[in-house]
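**Q** The following file, run09.cif, comprises mmCIF, N, CA and C atoms:
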```cif
data_my_file
loop_
_atom_site.group_PDB
_atom_site.id
_atom_site.type_symbol
_atom_site.label_atom_id
_atom_site.label_comp_id
_atom_site.auth_asym_id
_atom_site.auth_seq_id
_atom_site.Cartn_x
_atom_site.Cartn_y
_atom_site.Cartn_z
ATOM 1 N N PRO A 1 -30.188 0.173 -11.948
ATOM 2 C CA PRO A 1 -30.302 1.575 -11.569
ATOM 3 C C PRO A 1 -31.763 2.021 -11.547
ATOM 4 N N TYR A 2 -32.069 2.971 -10.697
ATOM 5 C CA TYR A 2 -33.425 3.493 -10.622
ATOM 6 C C TYR A 2 -33.409 4.957 -10.190
ATOM 7 N N LEU A 3 -34.490 5.658 -10.522
ATOM 8 C CA LEU A 3 -34.724 7.041 -10.129
ATOM 9 C C LEU A 3 -35.995 7.080 -9.303
ATOM 10 N N PHE A 4 -36.102 8.026 -8.401
ATOM 11 C CA PHE A 4 -37.316 8.157 -7.613
ATOM 12 C C PHE A 4 -37.502 9.605 -7.192
ATOM 13 N N GLY A 5 -38.694 9.922 -6.767
ATOM 14 C CA GLY A 5 -39.009 11.255 -6.269
ATOM 15 C C GLY A 5 -40.359 11.246 -5.602
ATOM 16 N N GLY A 6 -40.612 12.253 -4.808
ATOM 17 C CA GLY A 6 -41.892 12.354 -4.136
ATOM 18 C C GLY A 6 -41.942 13.575 -3.253
ATOM 19 N N GLY A 7 -43.085 13.794 -2.655
ATOM 20 C CA GLY A 7 -43.239 14.929 -1.765
ATOM 21 C C GLY A 7 -44.585 14.911 -1.097
ATOM 22 N N GLY A 8 -44.778 15.867 -0.197
ATOM 23 C CA GLY A 8 -46.045 15.967 0.498
ATOM 24 C C GLY A 8 -45.949 16.883 1.696
ATOM 25 N N PRO A 9 -47.033 16.969 2.468
ATOM 26 C CA PRO A 9 -47.044 17.834 3.641
ATOM 27 C C PRO A 9 -46.295 17.213 4.818
ATOM 28 N N VAL A 10 -45.768 18.092 5.677
ATOM 29 C CA VAL A 10 -45.083 17.675 6.906
ATOM 30 C C VAL A 10 -45.626 18.532 8.042
ATOM 31 N N TYR A 11 -46.141 17.909 9.080
ATOM 32 C CA TYR A 11 -46.584 18.645 10.262
ATOM 33 C C TYR A 11 -45.662 18.290 11.407
ATOM 34 N N SER A 12 -45.154 19.300 12.098
ATOM 35 C CA SER A 12 -44.214 19.068 13.188
ATOM 36 C C SER A 12 -44.736 19.698 14.471
ATOM 37 N N PHE A 13 -44.722 18.936 15.552
ATOM 38 C CA PHE A 13 -45.078 19.462 16.863
ATOM 39 C C PHE A 13 -43.896 20.194 17.498
ATOM 40 N N ALA A 14 -42.704 19.979 16.971
ATOM 41 C CA ALA A 14 -41.495 20.602 17.516
ATOM 42 C C ALA A 14 -41.394 22.052 17.051
ATOM 43 N N ASP A 15 -40.843 22.895 17.906
ATOM 44 C CA ASP A 15 -40.587 24.287 17.546
ATOM 45 C C ASP A 15 -39.211 24.352 16.898
ATOM 46 N N VAL A 16 -39.188 24.358 15.574
ATOM 47 C CA VAL A 16 -37.930 24.356 14.832
ATOM 48 C C VAL A 16 -37.574 25.798 14.484
ATOM 49 N N PRO A 17 -36.478 26.326 15.037
ATOM 50 C CA PRO A 17 -36.104 27.713 14.744
ATOM 51 C C PRO A 17 -35.898 27.931 13.242
ATOM 52 N N GLY A 18 -36.447 29.020 12.728
ATOM 53 C CA GLY A 18 -36.265 29.359 11.325
ATOM 54 C C GLY A 18 -37.329 28.824 10.397
ATOM 55 N N MET A 19 -38.138 27.865 10.851
ATOM 56 C CA MET A 19 -39.153 27.305 9.963
ATOM 57 C C MET A 19 -40.395 28.183 9.893
ATOM 58 N N GLY A 20 -40.787 28.856 10.964
ATOM 59 C CA GLY A 20 -41.897 29.794 10.931
ATOM 60 C C GLY A 20 -43.278 29.173 10.900
ATOM 61 N N SER A 21 -43.377 27.882 10.704
ATOM 62 C CA SER A 21 -44.680 27.233 10.586
ATOM 63 C C SER A 21 -44.574 25.788 11.050
ATOM 64 N N GLU A 22 -45.670 25.287 11.631
ATOM 65 C CA GLU A 22 -45.709 23.870 11.985
ATOM 66 C C GLU A 22 -46.034 23.011 10.767
ATOM 67 N N LEU A 23 -46.706 23.608 9.770
ATOM 68 C CA LEU A 23 -47.068 22.887 8.553
ATOM 69 C C LEU A 23 -46.112 23.293 7.438
ATOM 70 N N ASN A 24 -45.401 22.338 6.913
ATOM 71 C CA ASN A 24 -44.416 22.567 5.866
ATOM 72 C C ASN A 24 -44.632 21.570 4.738
ATOM 73 N N GLY A 25 -43.933 21.789 3.665
ATOM 74 C CA GLY A 25 -43.947 20.852 2.549
ATOM 75 C C GLY A 25 -42.564 20.266 2.366
ATOM 76 N N ASN A 26 -42.506 19.124 1.755
ATOM 77 C CA ASN A 26 -41.209 18.515 1.490
ATOM 78 C C ASN A 26 -41.233 17.830 0.139
ATOM 79 N N TYR A 27 -40.061 17.734 -0.444
ATOM 80 C CA TYR A 27 -39.890 16.907 -1.628
ATOM 81 C C TYR A 27 -38.506 16.292 -1.569
ATOM 82 N N GLN A 28 -38.385 15.188 -2.258
ATOM 83 C CA GLN A 28 -37.098 14.513 -2.347
ATOM 84 C C GLN A 28 -37.001 13.809 -3.689
ATOM 85 N N PHE A 29 -35.790 13.660 -4.148
ATOM 86 C CA PHE A 29 -35.550 12.902 -5.367
ATOM 87 C C PHE A 29 -34.150 12.326 -5.282
ATOM 88 N N GLY A 30 -33.921 11.300 -6.079
ATOM 89 C CA GLY A 30 -32.612 10.678 -6.054
ATOM 90 C C GLY A 30 -32.489 9.558 -7.063
ATOM 91 N N MET A 31 -31.396 8.844 -6.911
ATOM 92 C CA MET A 31 -31.129 7.697 -7.774
ATOM 93 C C MET A 31 -30.446 6.629 -6.943
ATOM 94 N N GLY A 32 -30.528 5.401 -7.437
ATOM 95 C CA GLY A 32 -29.951 4.302 -6.691
ATOM 96 C C GLY A 32 -29.515 3.157 -7.578
ATOM 97 N N LEU A 33 -28.780 2.275 -6.952
ATOM 98 C CA LEU A 33 -28.320 1.043 -7.589
ATOM 99 C C LEU A 33 -28.678 -0.126 -6.692
ATOM 100 N N SER A 34 -29.011 -1.229 -7.305
ATOM 101 C CA SER A 34 -29.337 -2.449 -6.582
ATOM 102 C C SER A 34 -28.449 -3.573 -7.109
ATOM 103 N N TYR A 35 -27.835 -4.315 -6.190
ATOM 104 C CA TYR A 35 -26.963 -5.428 -6.572
ATOM 105 C C TYR A 35 -27.475 -6.697 -5.906
ATOM 106 N N ARG A 36 -27.787 -7.707 -6.704
ATOM 107 C CA ARG A 36 -28.304 -8.974 -6.198
ATOM 108 C C ARG A 36 -27.197 -9.759 -5.505
ATOM 109 N N ILE A 37 -27.356 -10.013 -4.205
ATOM 110 C CA ILE A 37 -26.402 -10.821 -3.441
ATOM 111 C C ILE A 37 -26.729 -12.299 -3.618
ATOM 112 N N ASN A 38 -28.007 -12.625 -3.458
ATOM 113 C CA ASN A 38 -28.519 -13.978 -3.669
ATOM 114 C C ASN A 38 -30.007 -13.830 -3.984
ATOM 115 N N PRO A 39 -30.731 -14.910 -4.263
ATOM 116 C CA PRO A 39 -32.141 -14.771 -4.655
ATOM 117 C C PRO A 39 -33.030 -14.058 -3.629
ATOM 118 N N ALA A 40 -32.634 -14.024 -2.366
ATOM 119 C CA ALA A 40 -33.474 -13.414 -1.334
ATOM 120 C C ALA A 40 -32.989 -12.043 -0.861
ATOM 121 N N HIS A 41 -31.793 -11.614 -1.275
ATOM 122 C CA HIS A 41 -31.220 -10.373 -0.746
ATOM 123 C C HIS A 41 -30.590 -9.515 -1.835
ATOM 124 N N ASP A 42 -30.808 -8.217 -1.736
ATOM 125 C CA ASP A 42 -30.156 -7.234 -2.605
ATOM 126 C C ASP A 42 -29.427 -6.223 -1.730
ATOM 127 N N PHE A 43 -28.315 -5.738 -2.222
ATOM 128 C CA PHE A 43 -27.609 -4.629 -1.588
ATOM 129 C C PHE A 43 -28.017 -3.359 -2.321
ATOM 130 N N LEU A 44 -28.378 -2.304 -1.589
ATOM 131 C CA LEU A 44 -28.835 -1.059 -2.187
ATOM 132 C C LEU A 44 -27.889 0.086 -1.846
ATOM 133 N N PHE A 45 -27.721 0.982 -2.789
ATOM 134 C CA PHE A 45 -27.018 2.243 -2.565
ATOM 135 C C PHE A 45 -27.852 3.347 -3.193
ATOM 136 N N GLU A 46 -28.150 4.402 -2.427
ATOM 137 C CA GLU A 46 -28.942 5.523 -2.930
ATOM 138 C C GLU A 46 -28.280 6.847 -2.576
ATOM 139 N N MET A 47 -28.478 7.821 -3.442
ATOM 140 C CA MET A 47 -28.138 9.218 -3.165
ATOM 141 C C MET A 47 -29.444 9.997 -3.265
ATOM 142 N N ARG A 48 -29.733 10.841 -2.250
ATOM 143 C CA ARG A 48 -30.988 11.577 -2.174
ATOM 144 C C ARG A 48 -30.762 13.044 -1.878
ATOM 145 N N TYR A 49 -31.600 13.881 -2.470
ATOM 146 C CA TYR A 49 -31.701 15.280 -2.081
ATOM 147 C C TYR A 49 -33.058 15.444 -1.411
ATOM 148 N N HIS A 50 -33.097 16.117 -0.251
ATOM 149 C CA HIS A 50 -34.325 16.266 0.520
ATOM 150 C C HIS A 50 -34.471 17.733 0.920
ATOM 151 N N HIS A 51 -35.671 18.307 0.730
ATOM 152 C CA HIS A 51 -35.943 19.718 1.022
ATOM 153 C C HIS A 51 -37.220 19.835 1.845
ATOM 154 N N ILE A 52 -37.173 20.640 2.918
ATOM 155 C CA ILE A 52 -38.359 20.950 3.725
ATOM 156 C C ILE A 52 -38.422 22.465 3.898
ATOM 157 N N SER A 53 -39.593 23.052 3.627
ATOM 158 C CA SER A 53 -39.812 24.477 3.890
ATOM 159 C C SER A 53 -41.310 24.749 3.908
ATOM 160 N N ASN A 54 -41.673 25.971 4.320
ATOM 161 C CA ASN A 54 -43.093 26.323 4.311
ATOM 162 C C ASN A 54 -43.488 27.027 3.020
ATOM 163 N N GLY A 55 -42.582 27.083 2.055
ATOM 164 C CA GLY A 55 -42.884 27.657 0.748
ATOM 165 C C GLY A 55 -43.127 29.157 0.769
ATOM 166 N N GLY A 56 -42.655 29.836 1.808
ATOM 167 C CA GLY A 56 -42.845 31.272 1.907
ATOM 168 C C GLY A 56 -44.197 31.688 2.449
ATOM 169 N N SER A 57 -44.972 30.743 2.974
ATOM 170 C CA SER A 57 -46.301 31.078 3.494
ATOM 171 C C SER A 57 -46.219 31.852 4.804
ATOM 172 N N GLU A 58 -45.124 31.695 5.554
ATOM 173 C CA GLU A 58 -44.909 32.416 6.805
ATOM 174 C C GLU A 58 -43.435 32.755 6.931
ATOM 175 N N GLU A 59 -43.152 33.794 7.712
ATOM 176 C CA GLU A 59 -41.763 34.168 7.988
ATOM 177 C C GLU A 59 -41.407 33.737 9.396
ATOM 178 N N PRO A 60 -40.211 33.309 9.668
ATOM 179 C CA PRO A 60 -39.143 33.091 8.699
ATOM 180 C C PRO A 60 -39.375 31.816 7.898
ATOM 181 N N ASN A 61 -38.643 31.677 6.824
ATOM 182 C CA ASN A 61 -38.732 30.474 6.001
ATOM 183 C C ASN A 61 -37.319 30.016 5.647
ATOM 184 N N ASP A 62 -36.599 29.563 6.650
ATOM 185 C CA ASP A 62 -35.264 29.006 6.415
ATOM 186 C C ASP A 62 -35.430 27.534 6.071
ATOM 187 N N PRO A 63 -35.215 27.150 4.819
ATOM 188 C CA PRO A 63 -35.441 25.753 4.438
ATOM 189 C C PRO A 63 -34.398 24.820 5.046
ATOM 190 N N LEU A 64 -34.764 23.584 5.152
ATOM 191 C CA LEU A 64 -33.856 22.531 5.587
ATOM 192 C C LEU A 64 -33.567 21.671 4.365
ATOM 193 N N ASN A 65 -32.330 21.691 3.904
ATOM 194 C CA ASN A 65 -31.911 20.921 2.734
ATOM 195 C C ASN A 65 -30.854 19.921 3.157
ATOM 196 N N SER A 66 -30.906 18.739 2.592
ATOM 197 C CA SER A 66 -29.888 17.736 2.909
ATOM 198 C C SER A 66 -29.638 16.840 1.707
ATOM 199 N N VAL A 67 -28.436 16.330 1.649
ATOM 200 C CA VAL A 67 -28.045 15.315 0.671
ATOM 201 C C VAL A 67 -27.657 14.093 1.482
ATOM 202 N N LYS A 68 -28.206 12.958 1.118
ATOM 203 C CA LYS A 68 -28.026 11.743 1.909
ATOM 204 C C LYS A 68 -27.490 10.613 1.052
ATOM 205 N N ALA A 69 -26.611 9.825 1.636
ATOM 206 C CA ALA A 69 -26.157 8.569 1.041
ATOM 207 C C ALA A 69 -26.722 7.450 1.908
ATOM 208 N N LEU A 70 -27.415 6.518 1.297
ATOM 209 C CA LEU A 70 -28.019 5.416 2.032
ATOM 210 C C LEU A 70 -27.490 4.090 1.509
ATOM 211 N N PHE A 71 -27.243 3.182 2.429
ATOM 212 C CA PHE A 71 -26.827 1.821 2.114
ATOM 213 C C PHE A 71 -27.803 0.885 2.802
ATOM 214 N N GLY A 72 -28.149 -0.211 2.161
ATOM 215 C CA GLY A 72 -29.077 -1.127 2.790
ATOM 216 C C GLY A 72 -29.074 -2.498 2.157
ATOM 217 N N ILE A 73 -29.762 -3.408 2.821
ATOM 218 C CA ILE A 73 -29.934 -4.777 2.330
ATOM 219 C C ILE A 73 -31.417 -5.098 2.392
ATOM 220 N N THR A 74 -31.974 -5.568 1.282
ATOM 221 C CA THR A 74 -33.366 -6.004 1.271
ATOM 222 C C THR A 74 -33.424 -7.477 1.652
ATOM 223 N N PHE A 75 -34.529 -7.861 2.258
ATOM 224 C CA PHE A 75 -34.717 -9.274 2.617
ATOM 225 C C PHE A 75 -36.175 -9.609 2.630
#
```
Represent the structure contained in this file as structure tokens.

**A**
Amino acid sequence: PYLFGGGGPVYSFADVPGMGSELNGNYQFGMGLSYRINPAHDFLFEMRYHHISNGGSEEPNDPLNSVKALFGITF
């Protein structure tokens, strides 16, 4: 099992309704599990929360929030 988190600036050239700004901030955090399939491959499962907004620096500031389930194989 593992935990992770991070964040930083996001610049978008797209006109996203409700965001109010091309420059936004984001953060994400989550947890995951790794299962060894063989010495060269692991199966991964993660759950993540992800948030993007301009932090109230401009109006409107409708944040984009998502919860994600990810599955993968490392090689």

**Q** Can you work out which one of A:Phe71, A:Phe13, A:Phe29, A:Phe4 has the shortest atom-to-atom distance to Leu44 (chain A), counting all atoms listed in the file?

**A** A:Phe71

**Q** From a DSSP pass on the backbone, collect the residues of chain A flagged as strand (DSSP E or B) and hand them back as a PyMOL selection string.

**A** chain A and resi 2-11+23-38+41-53+64-74

**Q** Going by the chain IDs and residue numbers used in this file, which residues fall under the PyMOL selection byres ((chain A and resi 48-58) around 5)? Write them as a ChimeraX atom specification.

**A** /A:24-30,46-47,59-61,63-68

**Q** Find the residue from A:Thr74, A:Gly8, A:Phe45, A:Pro17 that sits nearest to Leu33 (chain A); use only N, CA and C atoms when measuring.

**A** A:Phe45

**Q** Just checking: using all atoms listed in the file, which residue out of A:Phe43, A:Tyr11, A:Tyr35, A:Tyr2 ends up closest to Gly72 (chain A)?

**A**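 Closest residue, counting all atoms listed in the file: A:Phe43.
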
**Q** Name the closest residue to Gly32 (chain A) among the candidates A:Met19, A:Pro1, A:Phe75, A:Ala69; distances are taken between atoms, counting only N, CA and C atoms.

**A**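 Counting only N, CA and C atoms, the residue closest to Gly32 (chain A) is A:Pro1.
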